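What's in upload.txt: compact mmCIF, C-alpha atoms
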# COMPACT_ATOMS: atom_id res chain seq x y z
CA MET A 1 19.02 3.39 -23.37
CA THR A 2 20.13 0.14 -24.90
CA GLU A 3 19.69 -1.17 -28.40
CA THR A 4 17.17 -3.97 -28.98
CA PHE A 5 16.88 -5.50 -32.42
CA GLY A 6 18.29 -2.38 -34.09
CA GLU A 7 15.90 -0.06 -32.24
CA ARG A 8 16.46 1.91 -29.08
CA GLU A 9 14.82 0.43 -25.99
CA THR A 10 12.29 2.83 -24.51
CA ASP A 11 12.19 3.78 -20.84
CA TYR A 12 9.00 1.77 -20.49
CA GLN A 13 10.58 -1.33 -21.98
CA ARG A 14 13.62 -0.93 -19.74
CA VAL A 15 11.46 -0.69 -16.63
CA GLN A 16 9.21 -3.54 -17.77
CA SER A 17 12.19 -5.86 -18.17
CA SER A 18 13.68 -4.88 -14.80
CA ASP A 19 13.77 -7.33 -11.90
CA GLU A 20 11.94 -4.82 -9.69
CA PHE A 21 8.99 -4.59 -12.08
CA GLN A 22 8.85 -8.35 -12.60
CA ALA A 23 8.78 -8.84 -8.81
CA LEU A 24 5.98 -6.25 -8.59
CA LYS A 25 3.93 -8.18 -11.17
CA ARG A 26 4.55 -11.53 -9.44
CA ARG A 27 3.54 -10.13 -6.06
CA PHE A 28 0.37 -8.63 -7.61
CA ARG A 29 -0.59 -11.91 -9.28
CA ARG A 30 0.08 -13.95 -6.12
CA PHE A 31 -2.44 -11.77 -4.30
CA VAL A 32 -5.07 -11.08 -6.95
CA PHE A 33 -5.50 -14.49 -8.57
CA PRO A 34 -6.21 -16.43 -5.34
CA MET A 35 -8.47 -13.64 -4.06
CA THR A 36 -10.39 -13.64 -7.34
CA ALA A 37 -10.71 -17.43 -7.28
CA PHE A 38 -11.98 -17.28 -3.69
CA PHE A 39 -14.57 -14.64 -4.52
CA LEU A 40 -15.79 -16.38 -7.67
CA ALA A 41 -16.12 -19.71 -5.83
CA TRP A 42 -18.10 -17.98 -3.06
CA TYR A 43 -20.28 -16.19 -5.61
CA PHE A 44 -21.03 -19.30 -7.67
CA LEU A 45 -21.74 -21.29 -4.51
CA TYR A 46 -24.37 -18.69 -3.62
CA VAL A 47 -25.88 -18.79 -7.12
CA LEU A 48 -25.96 -22.59 -7.18
CA LEU A 49 -27.54 -22.76 -3.73
CA ALA A 50 -30.15 -20.21 -4.78
CA ALA A 51 -30.93 -22.22 -7.92
CA TYR A 52 -30.88 -25.77 -6.56
CA ALA A 53 -31.19 -25.70 -2.75
CA HIS A 54 -34.47 -23.85 -2.26
CA ASP A 55 -35.29 -25.61 1.01
CA PHE A 56 -31.90 -24.77 2.51
CA MET A 57 -31.95 -21.16 1.34
CA SER A 58 -35.50 -20.64 2.67
CA THR A 59 -34.61 -21.95 6.13
CA LYS A 60 -35.74 -19.34 8.65
CA VAL A 61 -33.00 -18.07 10.94
CA TRP A 62 -34.87 -15.37 12.84
CA GLY A 63 -38.31 -13.99 12.03
CA ASN A 64 -38.50 -13.41 8.27
CA ILE A 65 -34.70 -13.60 7.92
CA ASN A 66 -33.63 -16.74 6.07
CA VAL A 67 -30.33 -18.32 5.04
CA GLY A 68 -30.62 -16.99 1.46
CA LEU A 69 -30.95 -13.41 2.69
CA LEU A 70 -27.96 -13.78 5.01
CA LEU A 71 -25.80 -15.31 2.28
CA GLY A 72 -26.90 -12.58 -0.15
CA LEU A 73 -25.93 -9.88 2.34
CA GLY A 74 -22.69 -11.80 2.84
CA GLN A 75 -21.92 -11.19 -0.83
CA PHE A 76 -21.95 -7.44 -0.20
CA VAL A 77 -19.93 -7.76 2.98
CA SER A 78 -17.30 -9.93 1.28
CA THR A 79 -17.03 -7.49 -1.64
CA PHE A 80 -16.32 -4.59 0.70
CA ALA A 81 -13.95 -6.72 2.79
CA ILE A 82 -11.95 -7.79 -0.26
CA THR A 83 -11.76 -4.17 -1.41
CA MET A 84 -10.45 -3.03 1.98
CA ILE A 85 -7.98 -5.93 2.18
CA TYR A 86 -6.68 -5.14 -1.31
CA ALA A 87 -6.35 -1.41 -0.59
CA ARG A 88 -4.37 -2.07 2.60
CA TRP A 89 -2.20 -4.68 0.87
CA ALA A 90 -1.50 -2.39 -2.10
CA ASN A 91 -0.65 0.54 0.16
CA ASN A 92 1.79 -1.57 2.15
CA ARG A 93 3.32 -3.80 -0.52
CA GLN A 94 2.88 -2.34 -4.01
CA ASP A 95 2.49 1.42 -4.08
CA ALA A 96 6.02 2.37 -2.95
CA VAL A 97 7.62 0.14 -5.58
CA ALA A 98 5.24 1.33 -8.31
CA GLU A 99 5.95 4.95 -7.37
CA ARG A 100 9.70 4.34 -7.51
CA LEU A 101 9.36 2.77 -10.98
CA ARG A 102 7.17 5.67 -12.15
CA LEU A 103 9.80 8.17 -11.02
CA HIS A 104 12.48 6.23 -12.91
CA ILE A 105 10.45 6.60 -16.09
CA GLU A 106 9.57 10.27 -15.56
CA ASN A 107 13.09 11.32 -14.56
CA GLY A 108 14.82 9.13 -17.12
CA ASP A 109 17.01 7.62 -14.39
CA ALA A 110 18.54 4.18 -14.63
CA LEU A 111 16.98 1.63 -12.31
CA ASP A 112 20.25 1.23 -10.38
CA GLY A 113 20.14 4.93 -9.39
CA GLY A 114 22.63 6.22 -11.97
CA PRO A 115 21.90 8.15 -15.15
CA ALA A 116 20.01 6.34 -17.90
Rendering of file as structure tokens:
Amino acid sequence: MTETFGERETDYQRVQSSDEFQALKRRFRRFVFPMTAFFLAWYFLYVLLAAYAHDFMSTKVWGNINVGLLLGLGQFVSTFAITMIYARWANNRQDAVAERLRLHIENGDALDGGPA
């Protein structure tokens, strides 16, 4: 461990300041923030249409099925789709790096593979 301001740097601080962890955080933010913005925009569009575009939302599509019902069901579909997309992305891009960092902390190893 290294000294920081007269105190010993903890394993967690060492990992947090590592390039690998910073890259992990950047990659996470580049995925999550745009996906969150997309979902919130889609959600608020639905709410605004429901509040102010009654004629549009009540347009019949087939039988008693109208645009509002389809868009409302689309909210559920998009929530599940985003969840599945995130799970696949995390499994492929994040989990291996996070696991490697966790093992560094638990084993007390240095991030370059040598002893801490």
All residues 9 Å or closer to segment 76-87 of chain A, all atoms listed in the file, same chain fewer than 2 positions away omitted, as a list in words: Phe31, Val32, Met35, Phe39, Gly72, Leu73, Gly74, Trp89, Ala90, Asn91 and Asn92 of chain A
- prompt: Which polymer residues have any atom within 10 Å of an atom of Thr59 of chain A, counting all atoms listed in the file, with same-chain residues fewer than 6 positions away left out, as a PyMOL selection string?
  reply: chain A and resi 65-69
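Nearest-residue note for Leu70 of chain A: choosing from A:Phe28, A:Phe33, A:Tyr46, A:Phe21, the minimum distance belongs to A:Tyr46, counting all atoms listed in the file.
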- prompt: Could you work out how far atom CA of Asp55 of chain A lies from atom CA of Tyr43 of chain A, giving the answer in Å with one decimal?
  reply: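 Separating atom CA of Tyr43 of chain A from atom CA of Asp55 of chain A is a distance of 18.9 Å.
One finds atom CA of Leu40 of chain A at 21.0 Å from atom CA of Arg26 of chain A.
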Once you count only C-alpha atoms, what closest atom pair and distance in Å to one decimal does each residue of segment 14-89 of chain A within 9 Å of segment 96-103 of chain A have, with rows by chain and rising residue number, as JSON lines?
{"residue": "A:Val15", "atom": "CA", "partner": "A:Leu101", "partner_atom": "CA", "distance": 7.0}
{"residue": "A:Glu20", "atom": "CA", "partner": "A:Val97", "partner_atom": "CA", "distance": 7.8}
{"residue": "A:Phe21", "atom": "CA", "partner": "A:Leu101", "partner_atom": "CA", "distance": 7.5}
{"residue": "A:Leu24", "atom": "CA", "partner": "A:Val97", "partner_atom": "CA", "distance": 7.3}
- request: Have a look at atom CA of Gln75 of chain A and atom CA of Tyr52 of chain A and let me know their distance in Å, one decimal.
  value: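 If I compute the distance from atom CA of Gln75 of chain A to atom CA of Tyr52 of chain A, I get 18.0 Å.
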statement: Restricting to all atoms listed in the file, whichever of A:Leu45, A:Asp95, A:Trp62, A:Gly108 is closest to Arg27 of chain A is A:Asp95
field: Residue nearest Ser58 of chain A - candidates A:Leu71, A:Phe44, A:Ile105, A:Ser17, atoms counted: only C-alpha atoms
entry: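 For Ser58 of chain A, the nearest of the given residues is A:Leu71.
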